[in-house]
Every structure is written in structure tokens, then in C-alpha cells.
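Just below is one structure, and these are the notes that go with it.
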2 protein chains.
Amino acid sequence: MSILVIGSIGFDDIKTPFGKVKNVLGGSATYFAISASFFTDVNLVSVVGNDFNKKHFDIFKKFKINLDGLKQEKLKKTFHWSGEYTHNLNQANTIQTRLNVLEGFKPVIPHTYKNIKCIFLANIDPELQYEVILQIKSPKIIAIDTMNYWIERKRKQLLKVFKKSNIILINETEAKQLSKEINLVKAAKKIMSFGPKIVVIKRGEYGVIAFNNNEIFTAPAYPLKNVFDPTGAGDSFAGGFMGYLTKCNILNNANLRKAIIFGNVMGSFCVENFSLDRFKNLSWKDIVNRFIEFKKLTHFENIND
Amino acid sequence: MSILVIGSIGFDDIKTPFGKVKNVLGGSATYFAISASFFTDVNLVSVVGNDFNKKHFDIFKKFKINLDGLKQEKLKKTFHWSGEYTHNLNQANTIQTRLNVLEGFKPVIPHTYKNIKCIFLANIDPELQYEVILQIKSPKIIAIDTMNYWIERKRKQLLKVFKKSNIILINETEAKQLSKEINLVKAAKKIMSFGPKIVVIKRGEYGVIAFNNNEIFTAPAYPLKNVFDPTGAGDSFAGGFMGYLTKCNILNNANLRKAIIFGNVMGSFCVENFSLDRFKNLSWKDIVNRFIEFKKLTHFENIND
């Protein structure tokens with residue numbers, strides 16, 4: 001089994017209380033793809049500009065990511081985001097977004113991708129997400145991420161995508177905004193009524209709460225002493241989560257729970273360094289060890305033990 | 001084994017988005033004592049005024065709480081708090097606090113309490129907390145709760161109490177304020193350096209993160225569809241937590257983790273109705289069932305299962 005991801009590739013300027021970097025590789029599809037590549041084969045659909053060079057392609061190659069669906073526009077520049085985190089590391093303040101190549105982008109799914117069963121629609125214009133769904137023959141799992149920008153501006157188009165999706169990954173504030181409910185249990189029920197029966201709500205440093213019909217699962221975030229750069233944490237979570245589900249190939253409750261833990265594992269590694277740097281020397285053993293740490297972190301005995 | 005609690009008994013006026021009540025029984029010692037009484041014998045030290053009548057005494061009697069240490073002042077009124085919760089149910093806005101009998105209160109520990117080994121110093125003036133410690137012969141577990149008011153105004157006296165304590169229960173904002181650290185892992189380490197080696201940080205609807213030297217444990221809050229009244233949730237948590245530890249009589253890591261879950265169980269029941277109403281018809285079976293639900297909520301399989 002392999003997974004297809006559509007999302008952005010970009011260059012980021014990031015400032016956190018611990019330092020700043022300029023023009024580092026980022027974007028939702030990038031973080032997702034690299035994180036998921038530790039679990040499964042990843043096929044990418046995105047677009048870059050004329051400033052995307054061998055050095056950048058080599059990063060994707062290092063993680064064996066299939067770039068058949070990556071378009072390079074020779075006349076435009078790559079998507080660019082600059083943002084800042086103050087002491088509240090849960091909340092990025094966007095300083096500037098330059099869409100560049102993303103403006104007018106029409107995703108075309110290469111022939112080699114059409115039979116892929118697992119799809120992750122990273123945070124991008126819902127109209128593009130929908131076009132991808134239409135081009136896949138018989139998808140088995142469709143998961144979607146989104147953000148306040150699309151909830152506010154393209155709600156109708158977003159709801160069309162939801163109707164076709166099994167899983168939604170969304171942060172807490174956006175789940176409330178989308179559902180118009182303050183209580184998360186009610187918010188999740190409402191979102192299920194839009195289509196996806198699995199609602200995974202990301203709560204930053206407070207972890208994840210996930211709803212699968214009437215089953216609820218909660219998982220903490222990994223308590224880190226130092227969070228250097230939260231950029232990409234959500235997409236790295238999604239990569240670990242969907243990567244593991246794709247590897248399992250069976251969407252049941254037990255796998256879903258482990259997938260969330262693998263998501264948290266990958267998200268926790270992501271924030272330990274700027275950009276994708278932590279993934280560059282990450283081993284499977286590191287991932288296994290942190291999974292085991294999550295077990296220790298949450299374990300308690302049964303009532304009569 | 002039995003436990004001693006010192007804290008406030010009061011009457012509350014409470015307004016939440018779901019209704020309002022006036023002059024209902026409240027106070028930190030009240031919530032703690034009633035919650036802990038489901039686990040162990042509870043001995044109370046507090047003070048009430050001339051407006052405290054048979055109806056109120058009967059509530060404590062119903063839960064078999066020892067009132068040898070309860071003083072009634074015939075010339076003053078009982079402590080009174082009025083507060084309001086808006087949609088952010090994590091944050092109470094105090095409208096008025098009338099100390100009444102609490103002003104000038106000097107706790108005297110009755111002879112029958114002096115050999116008690118487990119003590120909970122509920123949120124009250126740290127000078128009173130300290131006076132209680134001095135009157136107990138050879139305490140085994142001393143746990144303390146506090147709040148921003150004392151951290152700001154009586155830091156020095158508070159640190160004297162910390163030095164004598166094994167366990168601190170504190171909410172997240174106050175933990176950061178007390179330690180002057182933004183990162184919780186660092187905050188906990190700093191607080192340990194003040195005395196208590198077990199730091200239990202309450203995060204409202206996000207649950208609890210607890211530090212026991214180098215061990216970390218996280219537990220979610222119970223995902224409720226309706227939170228009617230958060231008043232007393234923290235003290236009910238403390239009651240379940242300390243009540244279970246007292247019952248066990250061994251302070252090890254496994255018991256500590258289960259105690260936190262029992263704390264969350266009791267906190268979750270508390271908020272399901274106004275004041276202490278939910279406890280009035282709560283059974284041990286309800287507690288056991290919710291404990292089991294916490295197990296389901298957090299369980300995931302091992303990496304190779």
C-alpha cells in the first residue's frame with residue numbers, strides 16, 4: 001500500500017523565541033510526505049517554482065518520495081510563507097503569504113497514482129482537494145486537513161470535500177469554528193454529520209482527542225523541555241498517522257489509536273528543531289522508543305490490579 | 001487510614017451559561033471532603049458562621065465526615081463567594097469574596113486528629129496551612145493546593161509550606177506563575193526544588209500532567225457533553241486523588257497514577273451538576289464504571305501487538 005498527498009511545498013521564514021531561519025523548505029505536503037515516508041511509500045502532488053533547485057529535490061529523494069505528480073513552473077516562484085511564534089508556541093502569526101505558483105494551480109494526477117487507495121488532502125484550497133478526489137479511481141481512505149482561512153471563505157466547497165472523506169484532521173479552534181459548537185463532543189458529532197466518521201482534533205501541547213463514531217480516544221502530546229519550532233507539527237502528525245494507517249491497510253479502532261500515537265511521535269520530533277532538520281537523522285529505532293515512551297506516559301493499572 | 005483536610009467552607013452564588021444558583025454549599029474543604037469520603041474516612045478542619053444550620057451540617061453527616069475540627073463562630077457569617085463562568089468554563093470570574101469567619105481564623109487541631117498521617121491543605125491562606133502542619137505529630141503525606149492570590153501576596157509563607165510538603169496540586173497557569181517558567185517540564189522541575197517531589201498540574205478540560213521526580217504521567221479529562229458548573233472540580237479532583245492514596249497507604253508510582261484517574265473521575269462527576277448535587281446520588285459503581293471508561297479512553301496497544 002502507498003499513499004498520495006496533495007498539499008503545498010514552500011519556502012518558510014520562521015522566527016521563534018529560540019532563533020530564526022530564512023527560506024527553509026516547508027509546506028504542508030513536504031512535512032507530511034517526509035513524516036509518512038518512515039511508514040510507507042509516498043506519492044506527492046504539488047507545484048514548485050523556478051527557485052526550486054537540485055538541493056531541494058534531493059531532500060525528497062533522500063526520503064524516496066515519488067515526485068511524478070510534482071509540477072515545476074518555470075515562470076513563477078515557489079510558495080512562500082513567513083511567520084512568527086511568540087511565547088505561545090501553539091499559535092503562529094502569519095507575517096506574509098506569497099502564493100506564487102499555487103495561484104492558478106490545477107493538480108493533475110499522473111497515471112501511476114490513479115489506483116492509490118489512501119489519500120491525504122493536506123491543507124490547501126478545497127477546490128484543489130476536490131479535483132484530486134475526482135481523479136482517483138476507487139479510494140479507500142480519504143483524509144482531509146483544512147484551516148480557518150478556508151472555513152471562512154470556502155465553506156461550501158469544503159463541505160463538498162467532507163462528504164467524500166472518511167477522516168478529518170483539524171485543530172481545536174477550527175473544529176469549534178467549523179461546527180459552531182463550543183463543546184468538543186458536540187463539535188465532533190456535528191462534523192461527522194458533514195461526512196467523515198473519524199474526527200481527529202489536534203490540541204497542540206495538549207495532544208489529540210479523536211472520535212470514531214461513538215468511540216473516543218485521547219492522547220497527550222509528548223512533554224518536551226524545548227520546542228524550537230512548531231511549524232509543520234500538524235502535518236508531521238498527519239504523516240505519522242496516515243503513514244501508519246496506510247501500512248496497516250485495515251481501518252479499525254485499534255489501528256486508529258496506534259496511528260494517533262505514531263502521529264504524536266512524529267509531531268514531537270518535528271518541533272525539536274527548525275524546519276525538517278530533525279527528520280534528517282531520525283531512525284526507526286528513535287520512533288519505536290518514543291512510541292514506548294508514550295505508553296509509559298499514559299499507562300495506569302486496571303481498577304483491581 | 002484516614003485523612004485530614006483544612007480549607008474553606010462557604011456559600012456560593014454561581015452563574016454559568018446553563019443557569020444560576022444562590023447560597024449553595026461550597027468551599028474547598030467541602031468539595032474535597034465529600035469527594036474523598038467515597039474512598040476513606042475524612043476529618044475536617046474549618047470554620048463556619050451563625051448562618052450555617054442543621055441542613056448544612058446534615059450534608060456532612062450524610063457523608064460521614066468527622067467535624068471535630070469544625071468551629072462555629074456565633075457572631076460572624078460563613079465565608080461567601082460569588083462568581084460567574086462565561087463560555088470559557090476553565091476560568092471563573094470572581095464577582096465578590098466575603099471572608100467573614102475566615103478572617104482571623106486560627107485552626108486548632110483536635111486531639112483526635114493529631115495522629116493522622118495524610119493531610120490535604122486545600123486552598124487557603126498559607127499561614128493557616130503552616131499552622132496545621134506544625135500541629136500534626138508525624139505526618140506521612142502532606143499535599144497542598146494554592147492559587148494565584150497567595151502566590152502573588154504570600155510567596156514567602158507559601159514556600160515555607162512547600163518545604164514541608166510531598167505533593168503539590170496546582171493549575172497550569174499558577175504553575176507557570178509560581179515557577180516563572182513557561183515550559184511545564186521546566187516549571188515542574190523548579191517547583192520540585194521548592195520541596196514537593198510530586199507535582200500534579202491540573203489543566204481543566206485538558207486533564208492532568210503529573211511529575212514524580214523523573215516520571216511523567218498524563219491523564220485526560222473526561223469528555224463531557226455538558227459541563228454545568230465547574231465550581232469545585234479542582235477540589236473534587238483532589239478528594240478523589242488523596243482519598244485513593246490514603247486508602248492505598250503506599251505512595252508509589254502505580255498508586256499515584258490510579259489516584260490521578262480517580263481524581264479525574266470525581267472532578268468529572270462534580271461538574272455534571274450545580275454545587276455538590278451530583279455527589280448526593282453517586283454510587284461506588286458509578287465511580288468504578290467511569291474509571292473503566294478512562295481506561296478505554298486512553299488505551300492503545302503495544303507497538304508489536
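Convention: chains lettered A, B, ... in C-alpha cells order; per-chain residue numbering from 1; ligands numbered from 1 as shown.
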* Asked: Within 10 Å of region 267-271 of chain A, counting only C-alpha atoms, which residues qualify if same-chain residues fewer than 5 places away don't, as a VMD selection string?
  -> chain A and resid 31 35 204 to 205 221 to 224 226 to 241 261 to 262 276 to 279 282 286 to 287 290
Go ahead and write the selection's residues with N, CA and C atoms as a CSV table (one decimal), in the first residue's frame.
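Listing of again09.csv after writing:
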```
chain,number,residue,atom,x,y,z
A,31,TYR,N,6.1,18.4,4.8
A,31,TYR,CA,6.2,17.8,6.2
A,31,TYR,C,5.4,16.5,6.2
A,35,SER,N,7.4,12.9,6.8
A,35,SER,CA,7.0,12.1,8.0
A,35,SER,C,6.4,10.8,7.7
A,204,GLY,N,-2.6,20.9,20.0
A,204,GLY,CA,-1.2,21.4,20.3
A,204,GLY,C,-0.6,20.7,21.4
A,205,GLU,N,-0.1,21.5,22.4
A,205,GLU,CA,0.6,20.9,23.5
A,205,GLU,C,-0.2,20.0,24.4
A,221,ALA,N,0.2,15.1,24.1
A,221,ALA,CA,1.4,15.5,23.4
A,221,ALA,C,2.6,15.0,24.2
A,222,TYR,N,3.7,14.8,23.5
A,222,TYR,CA,4.9,14.4,24.3
A,222,TYR,C,5.5,15.6,25.0
A,223,PRO,N,5.7,15.5,26.3
A,223,PRO,CA,6.1,16.7,27.1
A,223,PRO,C,7.6,17.0,26.8
A,224,LEU,N,7.8,18.0,26.0
A,224,LEU,CA,9.2,18.3,25.6
A,224,LEU,C,9.7,19.5,26.5
A,226,ASN,N,12.1,21.5,25.4
A,226,ASN,CA,12.3,22.6,24.4
A,226,ASN,C,11.6,22.3,23.1
A,227,VAL,N,10.7,23.3,22.8
A,227,VAL,CA,10.0,23.2,21.5
A,227,VAL,C,10.7,24.4,20.7
A,228,PHE,N,11.5,24.0,19.7
A,228,PHE,CA,12.2,25.0,18.9
A,228,PHE,C,11.4,25.7,17.9
A,229,ASP,N,10.6,24.9,17.1
A,229,ASP,CA,9.8,25.5,16.0
A,229,ASP,C,8.6,24.6,15.7
A,230,PRO,N,7.4,25.1,16.1
A,230,PRO,CA,6.2,24.3,15.9
A,230,PRO,C,5.8,24.2,14.4
A,231,THR,N,6.4,24.9,13.5
A,231,THR,CA,6.0,24.8,12.1
A,231,THR,C,6.0,23.4,11.6
A,232,GLY,N,4.9,22.9,11.0
A,232,GLY,CA,4.9,21.6,10.4
A,232,GLY,C,4.5,20.5,11.4
A,233,ALA,N,4.3,20.8,12.6
A,233,ALA,CA,3.9,19.8,13.6
A,233,ALA,C,2.6,19.1,13.2
A,234,GLY,N,1.6,19.8,12.8
A,234,GLY,CA,0.3,19.2,12.4
A,234,GLY,C,0.5,18.3,11.2
A,235,ASP,N,1.3,18.7,10.2
A,235,ASP,CA,1.4,17.9,9.0
A,235,ASP,C,2.3,16.7,9.3
A,236,SER,N,3.3,16.9,10.2
A,236,SER,CA,4.1,15.7,10.6
A,236,SER,C,3.3,14.7,11.4
A,237,PHE,N,2.4,15.2,12.2
A,237,PHE,CA,1.4,14.4,12.9
A,237,PHE,C,0.6,13.6,11.9
A,238,ALA,N,0.1,14.3,10.9
A,238,ALA,CA,-0.7,13.7,9.8
A,238,ALA,C,0.1,12.6,9.1
A,239,GLY,N,1.3,12.9,8.9
A,239,GLY,CA,2.2,12.0,8.1
A,239,GLY,C,2.4,10.7,8.9
A,240,GLY,N,2.6,10.8,10.2
A,240,GLY,CA,2.8,9.6,11.0
A,240,GLY,C,1.5,8.8,11.1
A,241,PHE,N,0.4,9.6,11.3
A,241,PHE,CA,-0.9,9.0,11.4
A,241,PHE,C,-1.4,8.2,10.2
A,261,ILE,N,-0.9,7.7,18.0
A,261,ILE,CA,0.3,7.8,18.8
A,261,ILE,C,1.5,8.0,17.9
A,262,PHE,N,1.5,7.3,16.7
A,262,PHE,CA,2.6,7.5,15.8
A,262,PHE,C,2.6,8.9,15.2
A,276,LEU,N,12.8,20.9,8.7
A,276,LEU,CA,12.8,19.4,8.6
A,276,LEU,C,14.0,18.8,9.2
A,277,ASP,N,14.8,19.6,9.9
A,277,ASP,CA,16.1,19.2,10.3
A,277,ASP,C,16.1,17.9,11.2
A,278,ARG,N,15.1,17.8,12.1
A,278,ARG,CA,15.1,16.7,13.0
A,278,ARG,C,14.9,15.4,12.2
A,279,PHE,N,14.2,15.4,11.1
A,279,PHE,CA,13.9,14.2,10.4
A,279,PHE,C,15.1,13.7,9.6
A,282,LEU,N,16.7,11.0,11.8
A,282,LEU,CA,15.8,10.3,12.6
A,282,LEU,C,15.8,8.8,12.2
A,286,ASP,N,14.5,5.4,16.9
A,286,ASP,CA,14.0,6.6,17.6
A,286,ASP,C,12.5,6.6,17.7
A,287,ILE,N,11.9,6.3,16.6
A,287,ILE,CA,10.4,6.3,16.6
A,287,ILE,C,9.8,5.3,17.5
A,290,ARG,N,10.2,6.3,21.1
A,290,ARG,CA,9.3,7.3,21.6
A,290,ARG,C,7.9,6.8,21.7
```
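For chain B, the residues close to chain A, meaning within 6 Å and counting only C-alpha atoms, are B:Val185, B:Ile216, B:Phe217, B:Thr218, B:Lys225, B:Arg257, B:Leu297, B:Thr298, B:Phe300.
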* as an NGL selection string, which residues of region 101-146 of chain B does DSSP assign to alpha helix (DSSP H)? -> :B and (126-135)
Please dump the current selection as a CSV table (one decimal), in the first residue's frame; keep C-alpha atoms.
```csv
chain,number,residue,atom,x,y,z
B,126,PRO,CA,-0.6,29.6,53.6
B,127,GLU,CA,-0.1,30.8,57.2
B,128,LEU,CA,-3.1,28.7,58.2
B,129,GLN,CA,-1.7,25.7,56.2
B,130,TYR,CA,1.6,26.0,58.0
B,131,GLU,CA,-0.1,26.1,61.4
B,132,VAL,CA,-1.8,22.9,60.7
B,133,ILE,CA,1.4,21.1,59.7
B,134,LEU,CA,3.0,22.2,63.0
B,135,GLN,CA,0.2,20.6,65.0
```
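One distance worth recording is that between CA of Asn123 (chain A) and CA of Asp145 (chain A), which is 5.0 Å.
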Any idea what's packed within 10 Å of Ile116 (chain A), counting only C-alpha atoms, ignoring anything in its chain fewer than 5 positions away? Could you give it as a short mmCIF file (atom, residue, chain, number, x, y, z; two decimals) with N, CA and C atoms, in the first residue's frame?
```cif
data_model
loop_
_atom_site.label_atom_id
_atom_site.label_comp_id
_atom_site.auth_asym_id
_atom_site.auth_seq_id
_atom_site.Cartn_x
_atom_site.Cartn_y
_atom_site.Cartn_z
N MET A 1 0.85 -1.21 0.00
CA MET A 1 0.00 0.00 0.00
C MET A 1 0.88 1.25 0.00
N SER A 2 0.41 2.26 -0.71
CA SER A 2 1.12 3.53 -0.69
C SER A 2 0.10 4.66 -0.54
N ILE A 3 0.60 5.84 -0.28
CA ILE A 3 -0.29 6.97 -0.03
C ILE A 3 -0.01 8.11 -1.00
N LEU A 4 -1.06 8.85 -1.32
CA LEU A 4 -0.92 10.05 -2.14
C LEU A 4 -1.19 11.26 -1.26
N ASN A 43 3.54 9.26 -2.47
CA ASN A 43 3.44 9.84 -3.80
C ASN A 43 2.88 11.25 -3.67
N ILE A 136 -9.16 10.07 -8.69
CA ILE A 136 -8.73 8.76 -8.17
C ILE A 136 -9.85 7.74 -8.38
N LYS A 137 -9.47 6.58 -8.88
CA LYS A 137 -10.45 5.55 -9.28
C LYS A 137 -11.35 5.10 -8.13
N SER A 138 -10.77 4.39 -7.17
CA SER A 138 -11.61 3.88 -6.08
C SER A 138 -10.86 4.01 -4.76
N PRO A 139 -10.82 5.21 -4.24
CA PRO A 139 -10.09 5.44 -2.99
C PRO A 139 -10.75 4.71 -1.82
N LYS A 140 -9.92 4.28 -0.88
CA LYS A 140 -10.42 3.54 0.28
C LYS A 140 -10.45 4.44 1.51
N ILE A 141 -9.37 5.18 1.71
CA ILE A 141 -9.33 6.13 2.83
C ILE A 141 -8.99 7.52 2.28
#
```
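Going from CA of Glu174 (chain A) to CA of Asn148 (chain A) covers 5.8 Å.
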